[in-house]
Amino acid sequence: MTERDYLWWQTGIVYQVYPRSYQDANGDGVGDLEGIESRLDYLKWLGLDAVWVSPCFKSPMKDFGYDVADYRDIDPLFGTMADLDSLLEATHARGMKLILDYVPNHTSDQHPWFVESRSSRDNPKRDWYIWKDARPDGSPPNNWLANFGGIGWEWDEHTQQFYYHAFLVEQPDLNWRNPEVQTAMIDVLRFWLDKGVDGFRVDVMNHLIKDAEFRDNPLNPRWKPGDHPYRRLVPTYSADRPEVHDIVAKMRTLFNEYDERVIIGEIYLPIDRLVAYYGQHNNEAHLPFNFQLISRHWDARVIAAAIDKYEAALPSGAWPNWVLGNHDRSRVATRIGRSQACVAAMLLLSLRGTPTMYQGDELGMEDVAIPAGKVQDPPGLTIGEGRDPERTPMQWDTSPNAGFTKAAEPWLPVDEDYAKVNVEVEREDPASVLNLYKALIELRRSELALTIGHYRPVPAEGDILTYIRDHEGQRIFAALNFGGQPQTITLDAEHYGSIALSTSLDRKGEKVAGQLQLRADEGVLVRLD
């Protein structure tokens with residue numbers, strides 16, 4: 001098979017933009033759609049194929065856009081529908097794709113649907129949300145918890161019932177068992193697909209259906225004091241219910257009416273349950289997000305085993321994917337250190353499947369400590385585990401606020417290291433993290449073994465991870481040192497060749513035979529003879 005036999009979302013690279021923090025065009029301290037459009041040439045220069053923009057729909061911003069008040073309009077904070085149309089056109093003009101965020105599990109409590117739903121028990125939209133009577137003692141209907149702290153049920157004094165919210169009180173869950181809800185929410189997708197949007201990342205896809213009997217969730221035997229309070233229970237009955245697959249399949253049926261559109265599912269589940277979201281006949285999500293590079297301990301043997309297990313678990317015909325960072329998890333350079341973050345970049349961009357990058361990771365940006373008075377994120381305020389540190393503004397240049405905004409103060413503080421960690425400086429530094437990413441992307445694009453080739457593990461020990469990507473005789477050997485000490489690998493004759501790329505960016509063309517010397521925290525890709 002050739003590259004032409006694959007779809008763009010299989011051969012391409014997805015780049016996540018968190019719109020509040022990418023580029024502020026109007027000087028209010030918050031990023032916007034016009035700002036994203038102004039930076040598209042940078043993304044094209046880097047070699048990316050698709051831009052995924054986190055929620056920009058009309059919202060009270062209790063959860064920064066994940067509480068949607070109107071699925072068919074843009075929040076004024078980010079601009080207008082005309083700005084979205086312009087961004088879509090400009091993205092396509094550069095040969096790239098635009099992916100938006102779809103938040104189907106819940107709406108804002110200010111969405112007109114919920115305003116109607118809570119107005120009375122006999123309102124036609126009452127059953128569009130999840131309402132339940134209190135127990136005889138007045139307590140909530142069951143023990144389900146909210147992800148952002150506390151019980152997942154909120155008492156409504158006016159109608160004398162509880163409504164369920166898996167996240168904030170201001171984010172009531174939709175009742176996806178109601179066919180009218182299904183129709184309305186599928187129509188939301190159709191609206192944007194008709195506009196020409198190339199796909200959606202579906203927020204908390206596995207949460208959409210709840211247990212019909214509303215049974216209590218069991219205690220988590222692994223939970224201990226100090227752990228995230230939500231994990232005290234196993235969400236057996238409030239998430240990942242069997243019926244959710246029927247809903248995802250209905251979304252896929254809609255997408256099949258359009259050319260080459262992609263459904264990406266946000267799903268934090270063990271691999272055996274994650275891959276079920278491809279569907280029994282590959283009729284559900286195209287890419288159920290694989291977060292193992294975020295969630296696994298950064299150890300060569302652990303990661304090697306995770307790759308093997310994932311590859312083995314993929315259904316026939318399913319296309320893999322890998323995610324290194326996102327707006328909800330600590331940045332990779334903070335999790336494993338900036339040197340190992342370069343090794344992680346090589347891993348991400350040389351594994352089989354679609355890679356997803358998070359804005360700023362290509363610079364080596366790290367989490368930023370947020371002073372107590374500047375914390376914005378709801379769970380940061382309620383349970384002390386906020387996501388602000390990984391959401392700070394993109395660092396563009398050495399000007400005030402790293403070129404993100406002309407406002408006196410951005411919505412979150414910029415990292416103090418922005419004078420050296422920014423696009424402008426790193427573009428001019430041949431040894432920068434940014435130029436490593438660019439070189440990796442160029443190599444991946446030029447080598448079909450990396451773009452669409454097979455994955456074959458090569459046995460290794462200790463801190464070394466090795467594997468081969470091959471396609472019709474073209475072979476790339478990857479050797480990654482997960483440790484802080486130099487390592488020597490003894491090679492079989494079939495692994496002789498020349499270095500196509502090193503994370504050190506200074507070994508290109510070096511011949512490899514007999515032994516391969518790896519520096520501390522170094523990865524190399526060897527083009528085999």
# chains A, B, ... in the order shown; residues from 1 in each chain; ligands from 1

call {"tool": "select_by_dssp", "arguments": {"residues": "range 176-288 of chain A", "states": "strand (DSSP E or B)", "output": "list in words"}}
result
Gly199, Phe200, Arg201, Val202, Leu219, Leu233, Val262, Ile263, Ile264, Gly265, Leu287 and Pro288 of chain A

call {"tool": "residues_around", "arguments": {"residues": "Gly380 in chain A", "least_positions_apart": "3", "cutoff": "12 Å", "atoms": "only C-alpha atoms", "output": "list in words"}}
result
Asp63, Phe148, Gly149, His228, Asp328, Ile370, Pro371, Ala372, Gly373, Lys374, Val375, Gln376, Asp377, Ile383, Gly384, Glu385, Gly386, Arg387, Asp388 and Pro389 of chain A

call {"tool": "write_last_selection", "arguments": {"atoms": "N, CA and C atoms", "output": "compact mmCIF listing (two decimals), in the first residue's frame"}}
result
# COMPACT_ATOMS: atom_id res chain seq x y z
N ASP A 63 -16.30 26.51 33.25
CA ASP A 63 -15.24 25.53 33.01
C ASP A 63 -14.53 25.87 31.69
N PHE A 148 -15.00 17.10 39.77
CA PHE A 148 -14.33 18.28 40.32
C PHE A 148 -14.56 18.43 41.83
N GLY A 149 -15.02 17.35 42.46
CA GLY A 149 -15.17 17.37 43.92
C GLY A 149 -16.63 17.32 44.35
N HIS A 228 -7.04 11.72 44.51
CA HIS A 228 -8.14 12.53 43.98
C HIS A 228 -9.45 11.99 44.55
N ASP A 328 -5.12 19.07 30.01
CA ASP A 328 -5.59 18.54 31.30
C ASP A 328 -4.49 17.89 32.13
N ILE A 370 1.30 28.75 39.65
CA ILE A 370 0.30 29.81 39.66
C ILE A 370 0.10 30.31 41.08
N PRO A 371 0.35 31.59 41.34
CA PRO A 371 0.12 32.13 42.69
C PRO A 371 -1.33 31.92 43.12
N ALA A 372 -1.53 31.75 44.39
CA ALA A 372 -2.86 31.43 44.92
C ALA A 372 -3.93 32.40 44.44
N GLY A 373 -3.60 33.67 44.36
CA GLY A 373 -4.59 34.67 43.97
C GLY A 373 -4.91 34.68 42.49
N LYS A 374 -4.16 33.93 41.70
CA LYS A 374 -4.37 33.92 40.25
C LYS A 374 -4.91 32.60 39.72
N VAL A 375 -5.21 31.66 40.61
CA VAL A 375 -5.75 30.37 40.19
C VAL A 375 -7.11 30.59 39.52
N GLN A 376 -7.29 29.95 38.36
CA GLN A 376 -8.52 30.12 37.59
C GLN A 376 -9.35 28.84 37.49
N ASP A 377 -8.70 27.70 37.42
CA ASP A 377 -9.38 26.45 37.11
C ASP A 377 -10.26 25.97 38.26
N ILE A 383 -10.50 21.48 44.86
CA ILE A 383 -9.79 20.34 45.43
C ILE A 383 -8.27 20.50 45.33
N GLY A 384 -7.82 21.66 44.87
CA GLY A 384 -6.39 21.92 44.83
C GLY A 384 -5.63 21.19 43.77
N GLU A 385 -6.32 20.67 42.74
CA GLU A 385 -5.66 19.97 41.64
C GLU A 385 -6.07 20.61 40.32
N GLY A 386 -5.67 21.86 40.14
CA GLY A 386 -6.05 22.60 38.96
C GLY A 386 -5.16 22.32 37.76
N ARG A 387 -5.64 22.77 36.59
CA ARG A 387 -4.94 22.53 35.33
C ARG A 387 -4.35 23.81 34.75
N ASP A 388 -4.35 24.87 35.54
CA ASP A 388 -3.76 26.13 35.07
C ASP A 388 -2.29 26.01 34.70
N PRO A 389 -1.46 25.28 35.44
CA PRO A 389 -0.02 25.27 35.15
C PRO A 389 0.33 24.84 33.73

call {"tool": "atom_distance", "arguments": {"atom1": "CA of Pro413 in chain A", "atom2": "CA of Val433 in chain A"}}
result
22.2 Å

call {"tool": "residues_around", "arguments": {"residues": "Pro19 in chain A", "least_positions_apart": "3", "cutoff": "8 Å", "atoms": "only C-alpha atoms", "output": "list of chain:residue names"}}
result
A:Tyr22, A:Gln23, A:Gly31, A:Asp32, A:Leu33, A:Ile36, A:Val53, A:Ser54, A:Pro55, A:Cys56, A:Phe78

call {"tool": "residues_around", "arguments": {"residues": "Ala408 in chain A", "least_positions_apart": "4", "cutoff": "10 Å", "atoms": "only C-alpha atoms", "output": "VMD selection string"}}
result
chain A and resid 27 to 29 400 to 401
